[in-house]
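Dropping protein_25.cif in here (mmCIF, C-alpha atoms):
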data_my_file
#
loop_
_atom_site.label_atom_id
_atom_site.label_comp_id
_atom_site.auth_asym_id
_atom_site.auth_seq_id
_atom_site.Cartn_x
_atom_site.Cartn_y
_atom_site.Cartn_z
CA MET M 138 37.73 51.19 -1.84
CA SER M 139 40.03 51.53 1.14
CA PRO M 140 40.89 48.31 2.96
CA MET M 141 40.96 50.37 6.16
CA ARG M 142 37.17 50.07 6.17
CA TYR M 143 37.54 46.38 6.88
CA ILE M 144 40.20 46.44 9.59
CA VAL M 145 38.98 44.58 12.67
CA GLU M 146 39.09 46.88 15.68
CA GLY M 147 39.23 45.53 19.21
CA LYS M 148 39.48 41.97 20.45
CA VAL M 149 37.87 39.32 18.27
CA THR M 150 36.05 36.63 20.21
CA SER M 151 35.48 32.99 19.26
CA SER M 152 31.80 33.86 18.89
CA ASP M 153 32.70 36.54 16.29
CA ILE M 154 34.79 33.97 14.39
CA GLU M 155 31.97 31.40 14.44
CA THR M 156 29.34 33.94 13.37
CA ALA M 157 31.57 35.22 10.55
CA ASP M 158 32.26 31.66 9.39
CA ARG M 159 28.57 30.81 9.31
CA LEU M 160 27.63 34.04 7.48
CA SER M 161 30.46 33.68 5.00
CA ARG M 162 29.45 30.10 4.14
CA ARG M 163 25.83 31.15 3.75
CA ARG M 164 26.87 34.04 1.50
CA ALA M 165 29.03 31.73 -0.61
CA ARG M 166 25.99 29.48 -1.12
CA MET M 167 23.53 32.31 -1.77
CA ILE M 168 25.45 34.54 -4.19
CA PRO M 169 25.66 32.07 -7.11
CA VAL M 170 21.94 31.34 -6.62
CA LEU M 171 21.13 35.08 -6.70
CA ALA M 172 23.27 35.48 -9.83
CA ALA M 173 21.53 32.54 -11.53
CA ILE M 174 18.04 33.90 -10.69
CA PHE M 175 19.06 37.36 -11.94
CA LEU M 176 20.53 36.05 -15.21
CA ALA M 177 17.60 33.69 -15.83
CA GLY M 178 15.14 36.57 -15.31
CA GLN M 179 17.02 38.76 -17.79
CA ALA M 180 17.28 35.93 -20.34
CA ALA M 181 13.48 35.59 -20.15
CA TYR M 182 13.14 39.37 -20.59
CA PHE M 183 15.32 39.40 -23.74
CA SER M 184 13.61 36.36 -25.23
CA GLN M 185 10.21 38.14 -25.28
CA ASP M 186 9.00 40.74 -27.75
CA ARG M 187 9.20 44.09 -26.05
CA ALA M 188 7.11 47.15 -26.65
CA GLU M 189 6.64 50.42 -24.85
CA ARG M 190 3.91 49.02 -22.63
CA LEU M 191 3.48 49.77 -18.94
CA VAL M 192 4.57 46.24 -18.03
CA ASP M 193 7.88 46.75 -19.89
CA HIS M 194 8.57 49.90 -17.90
CA VAL M 195 7.83 47.99 -14.70
CA LYS M 196 10.27 45.24 -15.78
CA ILE M 197 12.97 47.82 -16.49
CA GLY M 198 12.34 49.40 -13.08
CA ALA M 199 12.58 45.98 -11.42
CA TRP M 200 15.82 45.27 -13.26
CA LEU M 201 17.27 48.56 -12.04
CA ILE M 202 16.39 47.70 -8.43
CA TRP M 203 17.90 44.21 -8.87
CA VAL M 204 21.09 45.76 -10.21
CA LEU M 205 21.42 48.20 -7.32
CA VAL M 206 20.76 45.50 -4.71
CA LEU M 207 23.27 43.11 -6.30
CA LEU M 208 25.91 45.84 -6.54
CA VAL M 209 25.47 46.61 -2.83
CA VAL M 210 25.71 42.88 -1.97
CA LEU M 211 28.83 42.49 -4.10
CA GLU M 212 30.61 45.57 -2.78
CA THR M 213 29.73 45.35 0.91
CA GLY M 214 29.34 41.61 1.42
CA GLY M 215 26.10 42.14 3.36
CA GLY M 216 25.67 41.25 7.04
CA PHE M 217 24.35 44.69 7.94
CA ILE M 218 22.50 43.50 11.04
CA HIS M 219 25.74 42.17 12.52
CA SER M 220 28.43 44.02 14.46
CA LYS M 221 31.20 45.99 12.76
CA LYS M 222 33.70 43.35 13.90
CA VAL M 223 31.76 40.50 12.27
CA ARG M 224 31.31 42.51 9.06
CA ALA M 225 35.06 43.17 8.99
CA LEU M 226 35.73 39.43 9.47
CA ILE M 227 33.45 38.42 6.60
CA ASN M 228 35.25 40.95 4.41
CA ASP M 229 38.81 40.15 5.39
CA GLU M 230 41.81 39.75 3.08
CA ILE M 231 40.81 36.61 1.20
CA THR M 232 37.30 37.94 0.55
CA ARG M 233 38.67 41.28 -0.70
CA ALA M 234 41.08 39.42 -3.00
CA ASN M 235 38.20 37.26 -4.31
CA ARG M 236 36.11 40.39 -4.85
CA GLN M 237 38.88 42.03 -6.88
CA ARG M 238 39.15 38.94 -9.10
CA ALA M 239 35.37 38.93 -9.51
CA TYR M 240 35.42 42.60 -10.54
CA ALA M 241 38.08 41.79 -13.16
CA ILE M 242 35.85 39.02 -14.56
CA GLY M 243 32.92 41.47 -14.58
CA PHE M 244 35.02 43.97 -16.52
CA TRP M 245 36.09 41.44 -19.16
CA THR M 246 32.55 40.10 -19.44
CA ALA M 247 31.32 43.66 -20.04
CA MET M 248 34.00 44.14 -22.71
CA GLY M 249 33.05 40.88 -24.45
CA VAL M 250 29.32 41.59 -24.41
CA GLY M 251 29.93 45.23 -25.41
CA ILE M 252 31.99 44.19 -28.44
CA GLY M 253 29.45 41.50 -29.32
CA THR M 254 26.59 43.99 -29.10
CA TYR M 255 28.52 46.43 -31.28
CA VAL M 256 28.94 43.76 -33.96
CA VAL M 257 25.27 42.71 -33.76
CA ALA M 258 24.22 46.38 -34.07
CA MET M 259 25.85 46.45 -37.53
CA PHE M 260 23.21 43.99 -38.76
CA GLU M 261 20.25 44.50 -36.47
CA PRO M 262 19.02 47.62 -34.69
CA VAL M 263 19.92 47.64 -30.98
CA THR M 264 18.68 50.50 -28.82
CA SER M 265 21.06 52.15 -26.38
CA ARG M 266 18.87 50.97 -23.49
CA GLU M 267 19.04 47.37 -24.69
CA ALA M 268 22.81 47.58 -25.08
CA ILE M 269 23.27 49.03 -21.59
CA HIS M 270 20.90 46.43 -20.15
CA LEU M 271 22.87 43.60 -21.76
CA ILE M 272 26.30 44.87 -20.75
CA VAL M 273 25.36 45.70 -17.15
CA THR M 274 23.49 42.40 -16.71
CA ALA M 275 26.41 40.36 -18.04
CA ALA M 276 29.00 42.26 -16.00
CA ILE M 277 27.13 41.95 -12.71
CA GLY M 278 26.11 38.36 -13.37
CA GLY M 279 29.67 37.38 -14.27
CA ALA M 280 31.19 39.17 -11.28
CA LEU M 281 28.66 37.69 -8.84
CA LEU M 282 29.09 34.16 -10.16
CA MET M 283 32.86 34.43 -9.95
CA PHE M 284 32.76 35.91 -6.43
CA GLY M 285 30.44 33.15 -5.24
CA LEU M 286 32.54 30.42 -6.82
CA LEU M 287 35.79 31.79 -5.37
CA GLU M 288 34.25 32.08 -1.92
CA ARG M 289 32.91 28.53 -2.12
CA ARG M 290 36.34 27.30 -3.20
CA ALA M 291 37.99 29.16 -0.32
CA HIS M 292 35.70 27.40 2.14
CA ARG M 293 36.09 24.04 0.43
CA ASP M 294 39.88 24.22 0.17
CA GLY M 295 39.99 25.01 3.82
CA MET W 260 59.52 31.98 -13.74
CA ALA W 261 57.15 32.70 -10.84
CA ASP W 262 58.46 32.06 -7.32
CA GLU W 263 56.39 29.78 -5.14
CA LEU W 264 55.71 30.80 -1.57
CA ARG W 265 55.89 27.93 0.87
CA ASN W 266 54.56 28.13 4.38
CA ARG W 267 54.77 26.14 7.59
CA LEU W 268 51.70 27.68 9.15
CA ARG W 269 49.84 24.40 9.68
CA ASP W 270 52.87 22.78 11.35
CA LEU W 271 53.62 25.74 13.59
CA ARG W 272 49.98 26.10 14.59
CA GLY W 273 49.78 22.36 15.34
CA GLU W 274 52.95 22.48 17.46
CA ARG W 275 51.27 25.13 19.64
CA GLY W 276 48.05 23.15 19.94
CA LEU W 277 46.03 25.88 18.27
CA THR W 278 42.95 25.23 16.14
CA GLN W 279 42.41 27.29 13.00
CA ALA W 280 39.62 29.15 14.80
CA ALA W 281 41.87 29.89 17.78
CA LEU W 282 44.63 31.28 15.55
CA ALA W 283 42.05 33.28 13.60
CA GLU W 284 40.86 34.75 16.88
CA LEU W 285 44.42 35.69 17.92
CA VAL W 286 45.14 37.35 14.58
CA GLY W 287 41.71 38.92 14.05
CA VAL W 288 40.83 37.29 10.73
CA SER W 289 38.29 34.70 9.61
CA ARG W 290 38.99 30.97 9.84
CA LYS W 291 38.65 30.84 6.06
CA THR W 292 41.69 33.11 5.73
CA ILE W 293 43.80 30.81 7.94
CA ASN W 294 42.58 27.82 5.89
CA THR W 295 43.45 29.34 2.55
CA VAL W 296 46.88 30.56 3.70
CA GLU W 297 47.70 27.09 5.09
CA ASN W 298 46.67 25.46 1.83
CA GLY W 299 48.64 27.90 -0.31
CA VAL W 300 45.46 29.09 -2.02
CA PHE W 301 45.99 32.63 -0.77
CA VAL W 302 49.20 34.64 -0.35
CA PRO W 303 48.68 36.93 2.64
CA SER W 304 49.66 40.59 2.79
CA THR W 305 52.77 41.67 4.68
CA LEU W 306 50.52 42.96 7.46
CA LEU W 307 48.80 39.61 7.91
CA ALA W 308 52.09 37.70 7.64
CA LEU W 309 53.54 39.83 10.45
CA LYS W 310 50.43 39.34 12.58
CA LEU W 311 50.65 35.57 12.08
CA ALA W 312 54.33 35.63 13.06
CA ARG W 313 53.57 37.63 16.18
CA ALA W 314 50.69 35.35 17.17
CA LEU W 315 52.90 32.26 16.79
CA GLY W 316 55.93 33.93 18.42
CA VAL W 317 58.29 33.28 15.50
CA PRO W 318 60.04 35.42 12.88
CA VAL W 319 58.01 35.74 9.69
CA GLU W 320 60.73 33.90 7.72
CA GLU W 321 60.06 30.83 9.83
CA ILE W 322 56.49 30.69 8.52
CA PHE W 323 57.02 31.76 4.92
CA SER W 324 59.87 30.98 2.56
CA LEU W 325 60.53 31.02 -1.15
CA ASP W 326 60.58 27.71 -2.95
CA GLN W 327 64.20 27.28 -4.10
#
Could you write out this structure as structure tokens?
Amino acid sequence: MSPMRYIVEGKVTSSDIETADRLSRRRARMIPVLAAIFLAGQAAYFSQDRAERLVDHVKIGAWLIWVLVLLVVLETGGGFIHSKKVRALINDEITRANRQRAYAIGFWTAMGVGIGTYVVAMFEPVTSREAIHLIVTAAIGGALLMFGLLERRAHRDG
Amino acid sequence: MADELRNRLRDLRGERGLTQAALAELVGVSRKTINTVENGVFVPSTLLALKLARALGVPVEEIFSLDQ
């Protein structure tokens, strides 16, 4: 993703800085909570016996929507109702660096869970949908948690 | 052995009577970025280092130096 998308154009005002600071702190608080709710929901899903019932299809559909929403939050940083300048400020250099580190954690989490699932599949049948569900859930959950923690640390260390 | 980047951003900002928010406004970044650069948590890009130097009216080497 090009960093040019996040370059602040025009004069930044103190109001923009304050708004960005407030939004960024709120995001740093919210993202780990979102990640925890998402992971807890998926843990509950995997702990139940699943069948090809209508309710299971609804749960899979809900999971897919969750995943898409969380990916958008992670990649864009949110704040869509705010001005372009404020959005650029809440996605400035430190946030982009934190996001890259979070993506790396997501990648390694996906690798770990993927390898683990492969090993489990040698002893117990695992459907392709279950494997994808596990890997994607772990990768997004790991990346979101890391992003939230890094953002919180950046605010705290400041 | 990794080189450590030292910076005098907090001192230089203080000498000019600027708050972190005021410097952030001059440079066009968030206050969090100024915080993390000052604390050595984040190593800024060349672009941001040059913007900081311009905002403070000093050469970039006066803000950042390698730990000898």
Of the candidates W:Leu277, W:Leu306, W:Leu271, W:Val288, which one gets nearest to Ile154 (chain M) if we count only C-alpha atoms?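 For Ile154 (chain M), the nearest of the given residues is W:Val288.
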Counting all atoms listed in the file, give me one row per residue of chain M with an atom at most 12 Å from an atom of chain W, showing the shortest contact pair and its distance in Å to one decimal, sorted by chain then residue number, as a tab-separated table.
residue	atom	partner	partner_atom	distance
M:Pro140	CA	W:Ser304	CA	11.7
M:Tyr143	CA	W:Val288	CA	10.4
M:Ile144	CA	W:Gly287	CA	8.9
M:Val145	CA	W:Gly287	CA	6.4
M:Glu146	CA	W:Gly287	CA	8.5
M:Gly147	CA	W:Gly287	CA	8.7
M:Lys148	CA	W:Gly287	CA	7.4
M:Val149	CA	W:Glu284	CA	5.6
M:Thr150	CA	W:Glu284	CA	6.1
M:Ser151	CA	W:Glu284	CA	6.1
M:Ser152	CA	W:Glu284	CA	9.3
M:Asp153	CA	W:Glu284	CA	8.4
M:Ile154	CA	W:Ser289	CA	6.0
M:Glu155	CA	W:Ala280	CA	8.0
M:Thr156	CA	W:Ser289	CA	9.7
M:Ala157	CA	W:Ser289	CA	6.8
M:Asp158	CA	W:Ser289	CA	6.8
M:Arg159	CA	W:Arg290	CA	10.4
M:Leu160	CA	W:Ser289	CA	10.9
M:Ser161	CA	W:Lys291	CA	8.7
M:Arg162	CA	W:Lys291	CA	9.4
M:Ala165	CA	W:Lys291	CA	11.7
M:Lys222	CA	W:Gly287	CA	9.2
M:Val223	CA	W:Ser289	CA	9.1
M:Arg224	CA	W:Ser289	CA	10.5
M:Ala225	CA	W:Val288	CA	8.4
M:Leu226	CA	W:Ser289	CA	5.4
M:Ile227	CA	W:Ser289	CA	6.8
M:Asn228	CA	W:Ser289	CA	8.7
M:Asp229	CA	W:Val288	CA	6.4
M:Glu230	CA	W:Thr292	CA	7.2
M:Ile231	CA	W:Thr292	CA	5.8
M:Thr232	CA	W:Thr292	CA	8.3
M:Arg233	CA	W:Thr292	CA	10.8
M:Ala234	CA	W:Phe301	CA	8.7
M:Asn235	CA	W:Phe301	CA	9.7
M:Leu287	CA	W:Val300	CA	10.6
M:Glu288	CA	W:Lys291	CA	9.2
M:Arg289	CA	W:Lys291	CA	10.3
M:Arg290	CA	W:Val300	CA	9.4
M:Ala291	CA	W:Thr295	CA	6.2
M:His292	CA	W:Lys291	CA	6.0
M:Arg293	CA	W:Lys291	CA	9.2
M:Asp294	CA	W:Thr295	CA	6.7
M:Gly295	CA	W:Asn294	CA	4.3
Measure the distance from CA of Arg166 (chain M) to CA of Arg236 (chain M) in Å and round it to one decimal. 15.3 Å
CA of Ile218 (chain M) to CA of Leu311 (chain W), straight-line distance in Å: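 Atom-to-atom, CA of Leu311 (chain W) and CA of Ile218 (chain M) are spaced 29.3 Å apart.
Straight-line separation from CA of Leu309 (chain W) to CA of Arg275 (chain W): 17.5 Å.
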Report as a list in words the residues that result from applying the PyMOL selection byres ((chain M and resi 203) around 12) to the structure here.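 Applying the expression gives Leu171, Ala172, Ile174, Phe175, Leu176, Gly178, Gln179, Lys196, Ile197, Gly198, Ala199, Trp200, Leu201, Ile202, Val204, Leu205, Val206, Leu207, Leu208, Val209, Val210, His270, Val273, Thr274, Ile277 and Gly278 of chain M.
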Provide region 256-267 of chain M rebuilt to N, CA and C atoms, formatted as a compact mmCIF listing (two decimals), keeping the file's coordinate frame.
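Saved file result33.txt follows:
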# COMPACT_ATOMS: atom_id res chain seq x y z
N VAL M 256 28.95 44.51 -32.69
CA VAL M 256 28.94 43.76 -33.96
C VAL M 256 27.50 43.46 -34.39
N VAL M 257 26.68 43.02 -33.45
CA VAL M 257 25.27 42.71 -33.76
C VAL M 257 24.57 43.96 -34.29
N ALA M 258 24.88 45.12 -33.68
CA ALA M 258 24.22 46.38 -34.07
C ALA M 258 24.52 46.78 -35.52
N MET M 259 25.56 46.18 -36.11
CA MET M 259 25.85 46.45 -37.53
C MET M 259 24.80 45.81 -38.44
N PHE M 260 24.16 44.74 -37.93
CA PHE M 260 23.21 43.99 -38.76
C PHE M 260 21.76 44.13 -38.30
N GLU M 261 21.60 44.44 -37.03
CA GLU M 261 20.25 44.50 -36.47
C GLU M 261 20.18 45.70 -35.52
N PRO M 262 19.08 46.45 -35.57
CA PRO M 262 19.02 47.62 -34.69
C PRO M 262 19.00 47.23 -33.21
N VAL M 263 19.87 47.86 -32.43
CA VAL M 263 19.92 47.64 -30.98
C VAL M 263 19.81 49.01 -30.33
N THR M 264 18.82 49.19 -29.46
CA THR M 264 18.68 50.50 -28.82
C THR M 264 19.76 50.66 -27.75
N SER M 265 20.02 51.91 -27.39
CA SER M 265 21.06 52.15 -26.38
C SER M 265 20.64 51.51 -25.05
N ARG M 266 19.33 51.56 -24.76
CA ARG M 266 18.87 50.97 -23.49
C ARG M 266 19.08 49.46 -23.48
N GLU M 267 18.82 48.82 -24.61
CA GLU M 267 19.04 47.37 -24.69
C GLU M 267 20.53 47.04 -24.53
